[in-house]
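File shown: upload-v8.txt. Contents: compact mmCIF, C-alpha atoms.
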# COMPACT_ATOMS: atom_id res chain seq x y z
CA MET A 1 164.00 78.29 98.90
CA ALA A 2 160.91 77.59 100.96
CA THR A 3 157.80 79.62 100.29
CA LYS A 4 155.95 81.10 103.21
CA HIS A 5 152.29 80.24 103.69
CA PRO A 6 152.11 77.46 101.10
CA SER A 7 148.63 76.71 99.81
CA SER A 8 147.34 73.29 98.84
CA ALA A 9 144.71 74.81 96.56
CA PRO A 10 145.49 74.82 92.84
CA HIS A 11 145.96 78.22 91.35
CA ALA A 12 142.96 79.43 89.37
CA PRO A 13 143.71 79.85 85.67
CA ALA A 14 144.50 83.31 84.42
CA LEU A 15 141.50 85.25 83.22
CA SER A 16 141.19 84.96 79.48
CA ALA A 17 140.70 88.14 77.51
CA ALA A 18 137.91 86.34 75.66
CA TYR A 19 135.97 85.40 78.79
CA PRO A 20 132.29 85.69 77.86
CA MET A 21 130.34 88.60 79.24
CA ALA A 22 126.71 88.27 80.23
CA LYS A 23 123.89 89.95 78.36
CA PRO A 24 122.97 93.46 79.52
CA GLY A 25 121.64 93.37 83.07
CA TYR A 26 123.04 89.94 83.84
CA GLY A 27 126.24 88.59 85.32
CA LYS A 28 128.54 89.40 88.19
CA ARG A 29 128.11 92.50 90.30
CA SER A 30 130.59 93.34 93.05
CA ALA A 31 129.29 94.27 96.48
CA PRO A 32 130.65 97.46 98.07
CA ASP A 33 133.13 97.96 100.91
CA GLN A 34 135.27 94.90 100.26
CA GLN A 35 138.68 94.45 101.75
CA ALA A 36 141.75 94.69 99.55
CA ARG A 37 142.99 91.50 97.89
CA THR A 38 145.63 89.53 99.74
CA ARG A 39 147.29 86.16 99.23
CA HIS A 40 145.31 84.79 102.16
CA ASP A 41 141.87 85.40 100.67
CA PHE A 42 139.56 82.38 101.02
CA ALA A 43 142.22 80.57 103.08
CA LEU A 44 139.58 78.98 105.33
CA LEU A 45 137.68 77.44 102.42
CA PRO A 46 138.22 73.89 101.12
CA THR A 47 140.47 73.40 98.12
CA ARG A 48 137.77 73.34 95.46
CA GLU A 49 135.88 76.32 96.84
CA ARG A 50 139.11 78.30 97.21
CA TYR A 51 139.95 77.54 93.58
CA VAL A 52 136.54 78.68 92.28
CA ALA A 53 136.41 81.72 94.57
CA GLY A 54 139.82 82.93 93.42
CA PHE A 55 138.72 82.76 89.80
CA VAL A 56 135.33 84.44 90.34
CA ASP A 57 136.92 87.21 92.40
CA HIS A 58 139.04 88.29 89.43
CA LEU A 59 136.15 88.36 86.96
CA PRO A 60 135.03 91.85 85.91
CA ASP A 61 131.54 93.08 86.67
CA GLY A 62 129.11 91.86 84.03
CA ALA A 63 130.96 88.59 83.44
CA ALA A 64 128.82 85.53 82.82
CA MET A 65 128.27 83.55 86.01
CA SER A 66 126.37 80.51 84.82
CA VAL A 67 127.60 77.12 85.96
CA LYS A 68 128.08 76.03 82.36
CA THR A 69 130.27 79.04 81.52
CA LEU A 70 132.40 78.68 84.65
CA ALA A 71 132.91 74.95 84.03
CA LYS A 72 134.26 75.69 80.55
CA GLN A 73 136.85 78.05 82.03
CA LEU A 74 137.81 75.81 84.98
CA PRO A 75 138.88 72.48 83.50
CA LEU A 76 139.63 70.81 86.84
CA TYR A 77 135.94 70.53 87.76
CA GLY A 78 132.72 69.73 85.97
CA GLN A 79 129.38 71.52 86.13
CA GLN A 80 128.13 69.56 89.14
CA ALA A 81 131.29 70.33 91.11
CA ILE A 82 131.10 74.03 90.17
CA SER A 83 127.44 74.16 91.23
CA THR A 84 128.29 72.58 94.59
CA ALA A 85 131.18 75.01 95.07
CA LEU A 86 128.96 78.02 94.38
CA THR A 87 126.46 76.73 96.92
CA ALA A 88 129.25 76.45 99.50
CA LEU A 89 130.43 79.98 98.65
CA SER A 90 126.89 81.25 99.19
CA VAL A 91 126.77 79.58 102.63
CA ALA A 92 130.18 81.05 103.43
CA GLY A 93 128.82 84.54 102.75
CA HIS A 94 130.59 85.39 99.49
CA LEU A 95 127.76 85.12 96.98
CA ARG A 96 124.06 85.84 96.45
CA ARG A 97 121.94 85.36 93.35
CA VAL A 98 119.00 87.72 92.70
CA ARG A 99 116.44 88.40 90.00
CA SER A 100 114.74 91.72 89.28
CA ALA A 101 111.56 92.35 87.28
CA VAL A 102 111.93 94.89 84.48
CA VAL A 103 108.72 96.09 82.82
CA GLY A 104 109.15 96.45 79.08
CA ALA A 105 106.82 97.68 76.35
CA GLY A 106 103.14 97.12 77.10
CA ASP A 107 102.53 94.33 79.57
CA GLU A 108 105.81 92.58 78.80
CA THR A 109 107.91 91.75 81.85
CA ARG A 110 111.43 90.37 81.80
CA TRP A 111 113.57 89.12 84.63
CA VAL A 112 117.11 90.39 84.95
CA PHE A 113 119.46 88.03 86.79
CA ARG A 114 122.52 89.13 88.76
CA THR A 115 125.10 87.43 90.95
CA PHE A 116 126.35 89.63 93.76
CA TRP A 117 129.88 88.80 94.86
CA SER A 118 131.83 89.83 97.93
CA ARG A 119 135.47 88.90 98.51
CA THR A 120 134.85 89.68 102.17
CA ALA A 121 132.55 87.09 103.73
CA ARG A 122 129.26 88.63 104.91
CA ASP A 123 126.62 87.31 107.27
CA ASN A 124 122.92 87.02 106.51
CA GLU A 125 122.07 90.31 108.23
CA TRP A 126 124.53 92.21 106.03
CA TRP A 127 123.21 90.61 102.84
CA ASN A 128 119.59 91.26 103.80
CA THR A 129 120.35 94.92 104.49
CA TYR A 130 122.32 95.32 101.27
CA LEU A 131 119.63 93.69 99.12
CA ALA A 132 116.97 95.84 100.81
CA THR A 133 119.03 98.89 99.87
CA GLU A 134 119.21 97.67 96.29
CA GLN A 135 115.44 97.20 96.30
CA ALA A 136 114.88 100.76 97.57
CA ALA A 137 117.28 102.16 94.98
CA GLN A 138 115.40 100.40 92.19
CA ALA A 139 112.06 101.68 93.45
CA ALA A 140 113.34 105.28 93.58
CA ALA A 141 115.13 105.21 90.24
CA PRO A 142 113.29 105.76 86.93
CA ALA A 143 112.06 102.53 85.38
CA PRO A 144 114.84 101.20 83.13
CA GLU A 145 114.11 99.94 79.69
CA ALA A 146 113.91 96.22 79.39
CA PRO A 147 117.27 94.92 78.13
CA VAL A 148 117.43 93.47 74.68
CA LEU A 149 118.36 89.95 75.66
CA ASP A 150 119.38 88.77 72.22
CA ALA A 151 121.61 91.73 71.47
CA ALA A 152 125.37 91.54 71.74
CA PRO A 153 127.18 93.84 74.17
CA PRO A 154 127.72 97.32 72.75
CA PRO A 155 131.02 97.84 70.94
CA PRO A 156 133.74 99.95 72.52
CA TYR A 157 133.14 103.65 72.31
CA VAL A 158 134.54 105.17 69.16
CA PRO A 159 134.18 108.93 68.73
CA ALA A 160 132.32 110.01 65.63
CA GLU A 161 134.58 110.92 62.76
CA GLN A 162 134.72 114.61 62.10
CA PRO A 163 136.51 116.30 59.23
CA SER A 164 139.72 117.74 60.51
CA PRO A 165 140.46 121.38 59.67
CA PRO A 166 142.88 121.89 56.79
CA ALA A 167 146.46 122.39 57.84
CA PRO A 168 147.86 125.87 57.26
CA GLU A 169 150.13 126.23 54.28
CA HIS A 170 152.73 127.92 56.41
CA PRO A 171 153.44 127.75 60.14
CA ARG A 172 152.87 131.49 60.36
CA ALA A 173 149.65 131.48 58.39
CA GLU A 174 147.02 133.68 59.93
CA ARG A 175 144.12 132.00 61.68
CA ALA A 176 140.72 132.34 60.12
CA PRO A 177 138.48 134.79 61.96
CA GLU A 178 136.01 133.33 64.38
CA PRO A 179 132.50 133.08 62.91
CA THR A 180 130.20 135.77 64.21
CA PRO A 181 127.45 134.29 66.34
CA VAL A 182 123.99 134.73 64.90
CA PRO A 183 121.92 136.93 67.21
CA HIS A 184 118.45 135.89 68.26
CA GLN A 185 115.87 137.05 65.77
CA ARG A 186 113.54 139.71 67.07
CA THR A 187 110.26 140.96 65.58
CA PRO A 188 110.40 144.75 65.09
CA ALA A 189 107.75 146.74 66.88
CA HIS A 190 106.92 148.60 63.66
CA ALA A 191 107.14 147.79 60.00
CA PRO A 192 109.78 149.54 57.89
CA GLU A 193 107.12 152.08 56.83
CA ASP A 194 106.72 152.94 60.54
CA LYS A 195 103.14 151.65 60.55
CA PRO A 196 101.81 149.78 63.58
CA ALA A 197 102.06 146.05 63.10
CA PRO A 198 98.78 144.13 63.10
CA PRO A 199 98.03 142.19 66.27
CA VAL A 200 99.31 138.65 66.24
CA THR A 201 96.45 136.16 66.54
CA PRO A 202 96.96 132.57 67.75
CA HIS A 203 96.45 131.22 64.24
CA SER A 204 98.75 133.65 62.47
CA ALA A 205 101.88 131.63 63.22
CA GLY A 206 100.20 128.32 62.37
CA THR A 207 96.53 127.44 62.23
CA SER A 208 95.32 125.31 65.14
CA PRO A 209 93.06 122.24 64.83
CA ALA A 210 90.19 124.25 66.32
CA TYR A 211 90.60 127.05 63.76
CA LEU A 212 90.74 124.59 60.87
CA ALA A 213 87.63 122.78 62.11
CA LEU A 214 85.71 126.05 62.14
CA ALA A 215 87.00 127.08 58.73
CA ARG A 216 85.84 123.80 57.16
CA LEU A 217 82.27 124.12 58.44
CA GLY A 218 81.29 126.33 55.48
CA ARG A 219 82.57 123.75 53.03
CA ASP A 220 80.44 121.06 54.64
CA ASP A 221 77.34 123.26 54.87
CA HIS A 222 77.06 126.72 53.33
CA ARG A 223 74.76 127.86 56.15
CA LEU A 224 77.76 127.86 58.50
CA THR A 225 80.22 129.77 56.34
CA LEU A 226 82.55 131.83 58.51
CA SER A 227 85.02 134.54 57.68
CA ALA A 228 88.63 134.49 58.85
CA ASP A 229 87.80 136.95 61.63
CA ASP A 230 84.83 134.81 62.68
CA CYS A 231 87.05 131.73 62.93
CA ALA A 232 89.58 133.66 65.00
CA THR A 233 86.79 134.88 67.30
CA LEU A 234 85.42 131.37 67.95
CA GLU A 235 88.78 129.58 67.99
CA ALA A 236 89.26 129.81 71.76
CA GLN A 237 85.83 128.30 72.44
CA ALA A 238 86.41 125.46 69.99
CA ALA A 239 89.83 124.80 71.52
CA GLN A 240 88.16 124.28 74.91
CA TRP A 241 86.19 121.39 73.40
CA LEU A 242 89.33 119.74 72.12
CA ALA A 243 91.05 120.31 75.46
CA ARG A 244 88.31 118.22 77.09
CA GLY A 245 89.28 115.19 75.06
CA VAL A 246 86.84 115.29 72.12
CA SER A 247 87.99 114.83 68.55
CA VAL A 248 87.66 117.25 65.66
CA ASP A 249 85.02 114.97 64.11
CA TYR A 250 82.99 115.09 67.33
CA LEU A 251 83.22 118.89 67.39
CA THR A 252 82.16 119.17 63.75
CA HIS A 253 79.20 116.83 64.21
CA ALA A 254 77.98 118.69 67.31
CA LEU A 255 78.05 122.02 65.49
CA THR A 256 76.36 120.83 62.28
CA ALA A 257 73.73 118.42 63.62
CA GLY A 258 70.05 119.55 63.42
CA LEU A 259 70.63 122.85 61.63
CA PRO A 260 67.57 125.04 61.03
CA ALA A 261 66.48 125.73 57.46
CA GLN A 262 68.15 129.11 57.57
CA VAL A 263 70.94 130.51 59.69
CA ASP A 264 70.93 134.30 59.68
CA SER A 265 74.14 134.76 61.71
CA PRO A 266 76.59 131.81 61.53
CA LEU A 267 78.86 133.55 64.06
CA GLY A 268 76.15 134.02 66.67
CA PHE A 269 74.63 130.59 66.02
CA LEU A 270 77.96 128.76 66.47
CA ARG A 271 78.92 130.85 69.51
CA ARG A 272 75.68 129.78 71.18
CA ARG A 273 76.22 126.10 70.30
CA LEU A 274 79.83 126.15 71.48
CA THR A 275 78.61 127.57 74.81
CA ASP A 276 75.52 125.42 75.35
CA LYS A 277 76.80 122.06 74.12
CA ILE A 278 80.32 122.08 75.52
CA PRO A 279 81.09 118.54 76.78
CA PRO A 280 81.84 117.89 80.46
CA ARG A 281 85.39 117.81 81.68
CA LEU A 282 86.19 114.21 82.50
CA PRO A 283 88.42 113.44 85.50
CA ALA A 284 91.92 112.32 84.73
CA GLU A 285 92.11 108.59 84.24
CA PRO A 286 94.04 106.88 87.04
CA ALA A 287 97.29 105.26 86.09
CA PRO A 288 96.87 101.56 85.37
CA ALA A 289 97.54 99.53 88.46
CA VAL A 290 100.70 97.47 88.28
CA SER A 291 99.97 93.92 89.24
CA PRO A 292 102.21 92.23 91.81
CA ALA A 293 103.56 89.99 89.05
CA THR A 294 104.89 92.98 87.09
CA ALA A 295 105.88 95.30 89.93
CA ARG A 296 109.51 96.24 90.02
CA ARG A 297 110.98 94.22 92.83
CA LEU A 298 114.10 92.32 93.68
CA LEU A 299 113.94 88.67 94.66
CA ALA A 300 116.77 86.54 95.94
CA GLU A 301 117.36 83.14 94.35
CA CYS A 302 118.39 79.92 95.94
CA THR A 303 121.97 79.44 94.83
CA ASP A 304 121.41 75.70 94.50
CA CYS A 305 118.00 75.23 92.85
CA GLY A 306 117.14 78.78 91.71
CA ARG A 307 113.88 79.04 93.67
CA PRO A 308 112.98 82.75 94.17
CA GLY A 309 112.03 84.33 97.46
CA ARG A 310 112.60 87.25 99.78
CA PRO A 311 116.20 87.55 101.02
CA GLN A 312 115.03 86.99 104.60
CA ALA A 313 113.44 83.69 103.54
CA LEU A 314 116.69 82.43 102.00
CA PRO A 315 119.34 82.48 104.75
CA ASP A 316 122.78 81.65 103.40
CA GLY A 317 121.27 82.09 99.93
CA LEU A 318 119.47 78.71 100.14
CA CYS A 319 115.83 77.72 100.33
CA ARG A 320 114.74 75.40 103.16
CA PRO A 321 114.93 72.11 101.17
CA CYS A 322 118.38 72.94 99.86
CA ARG A 323 119.53 74.04 103.32
CA GLU A 324 118.43 70.72 104.76
CA THR A 325 120.16 68.83 101.95
CA HIS A 326 123.31 70.90 102.30
CA SER A 327 123.37 70.54 106.10
CA GLY A 328 122.91 66.77 105.92
CA SER A 329 125.51 66.23 103.21
CA VAL A 330 128.48 64.07 104.12
CA ASP A 331 130.62 65.46 101.33
CA GLY A 332 133.85 66.61 102.90
CA GLY A 333 134.03 69.51 100.44
CA ASN A 334 130.92 71.17 101.88
CA LEU A 335 131.00 73.52 104.82
CA PRO A 336 128.99 72.87 108.02
CA HIS A 337 125.94 75.05 108.31
CA PRO A 338 126.40 77.95 110.77
CA ALA A 339 123.02 77.24 112.38
CA ASP A 340 124.07 73.64 113.06
CA ILE A 341 127.29 74.79 114.66
CA ALA A 342 125.39 77.18 116.93
CA ASP A 343 122.95 74.41 117.93
CA VAL A 344 125.77 72.04 118.80
CA LYS A 345 127.52 74.68 120.88
CA ALA A 346 124.33 75.50 122.75
CA HIS A 347 123.69 71.81 123.41
CA MET A 348 127.22 71.26 124.74
CA ASN A 349 126.90 74.27 127.03
CA ASN A 350 123.68 72.85 128.45
CA LEU A 351 125.37 69.51 129.06
CA ARG A 352 128.24 71.19 130.88
CA ASP A 353 125.79 73.07 133.07
CA LEU A 354 123.99 69.84 133.97
CA LEU A 355 127.26 68.08 134.86
CA LYS A 356 128.41 70.80 137.22
CA PRO A 357 128.32 69.70 140.90
CA VAL A 358 125.52 71.22 142.87
Please render this file's structure as structure tokens.
Amino acid sequence: MATKHPSSAPHAPALSAAYPMAKPGYGKRSAPDQQARTRHDFALLPTRERYVAGFVDHLPDGAAMSVKTLAKQLPLYGQQAISTALTALSVAGHLRRVRSAVVGAGDETRWVFRTFWSRTARDNEWWNTYLATEQAAQAAAPAPEAPVLDAAPPPPYVPAEQPSPPAPEHPRAERAPEPTPVPHQRTPAHAPEDKPAPPVTPHSAGTSPAYLALARLGRDDHRLTLSADDCATLEAQAAQWLARGVSVDYLTHALTAGLPAQVDSPLGFLRRRLTDKIPPRLPAEPAPAVSPATARRLLAECTDCGRPGRPQALPDGLCRPCRETHSGSVDGGNLPHPADIADVKAHMNNLRDLLKPV
């Protein structure tokens, strides 16, 4: 029985369950708004490109897209043939390679590589708009952590094991009562003896660094011995020093330096020093400028040689040298460049106009 719409292209091998996945952040990424799969997909492409496109189209997102990996899975063609086919698919509007800078810990910057794939052929304007949208989404999103490149993909999700409740001894066994929720603890307004509770000072729940610094002054120099009430009185002033960015050691040195031979009132003496010698409030330090080399941005890559650049500078996913090489190739498996086709049509139209009788 004859088969309708026979195809001369070999069928791409079935996707292996063990097909290697790329490291986190790498690999295939499907473009949105693609048409549904049909048996006529990639029908206008040459045999080799149709074969490679059919295989790539069925790869899941995140699958490895290196030429070496694809050549291992497609035994009919070697790495050079696969590379040439991917270049042709880029020119045909099905594929774009990009790299994105991800800032890691410190000044470390790593590049995350992706291969965007579209079953539906797109023109350069569509790709440029889509990649610009991706760039804007990256700029608006929180900075992602740099992927651990040497780590294996995370294992499938397995819920944490929890001890199962014991089975009832009898189907009609009564259910255990629900545990009573613990109410929020509240501090009573009065003690059990109905005496007013003492006022709660900032250091009663847990002594602050400022309070401790004041309490230790008497141990360093007996002339500055303070009581607990004195420390509580001066704590707010000392905390203002620490809030301005000075350390506890700086505060201690400023209060103990150049003491007179006798201090009649440690409380009054320290209150005066805390007021007179308070350090200036420094302006907030500006955030470190991100150099252009480490700024989060998305760059397109030449599908052939890997040279990075803005999407607008890489029409058809190719840099200028590779476009010239691809356009001048005589290999029958390559597609004619769209710009060359438009130039030829324009030239023929001009010739026709010149040949028209006046």
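When all atoms listed in the file are used to compute distances to Met65 of chain A, the closest of the residues A:Gln34, A:Gln79, A:Asn350, A:Thr115 turns out to be A:Thr115.
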From the list A:Leu242, A:Leu251, A:Leu318, A:Ala313, which residue is nearest Arg216 of chain A when using only C-alpha atoms?
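Using only C-alpha atoms, the shortest distance to Arg216 of chain A belongs to A:Leu251.
For the atom pair formed by atom CA of His222 of chain A and atom CA of Ser265 of chain A, the distance is 12.0 Å, given to one decimal.
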Please compute the atom CA of Leu70 of chain A-atom CA of Arg97 of chain A distance, one decimal, in Å.
15.2 Å
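Take atom CA of Pro311 of chain A and atom CA of Ser100 of chain A: the distance between them is 12.5 Å.
Nearest to Val67 of chain A of all the residues A:Cys305, A:Trp111, A:Pro24, A:Val246 is A:Cys305, counting all atoms listed in the file.
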Pick from A:Thr69, A:His326, A:Val98, A:Gly54, whichever lies nearest to Gln135 of chain A using all atoms listed in the file:
A:Val98
Could you list, as JSON, numbers by chain, every residue within 9 Å of Gln312 of chain A, counting only C-alpha atoms and ignoring same-chain residues fewer than 5 positions away?
{"A": [124, 125, 128, 300]}
Kindly indicate which residue among A:Pro279, A:Gly258, A:Pro357, A:Pro32 lies nearest to Gln237 of chain A, using only C-alpha atoms for the distances.
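Among the listed residues, the smallest separation from Gln237 of chain A belongs to A:Pro279.
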For the point (127.8, 85.9, 90.4) in the file's frame, write as number ranges by chain all residues with an atom no more than 7 Å away, counting only C-alpha atoms.
A: 27-29, 65, 95, 97, 114-117
May I ask which of the residues A:Ala36, A:Ala101, A:Ala85, A:Cys231 is the closest one to Ala213 of chain A, counting all atoms listed in the file?
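Once distances to Ala213 of chain A are computed over all atoms listed in the file, the minimum belongs to A:Cys231.
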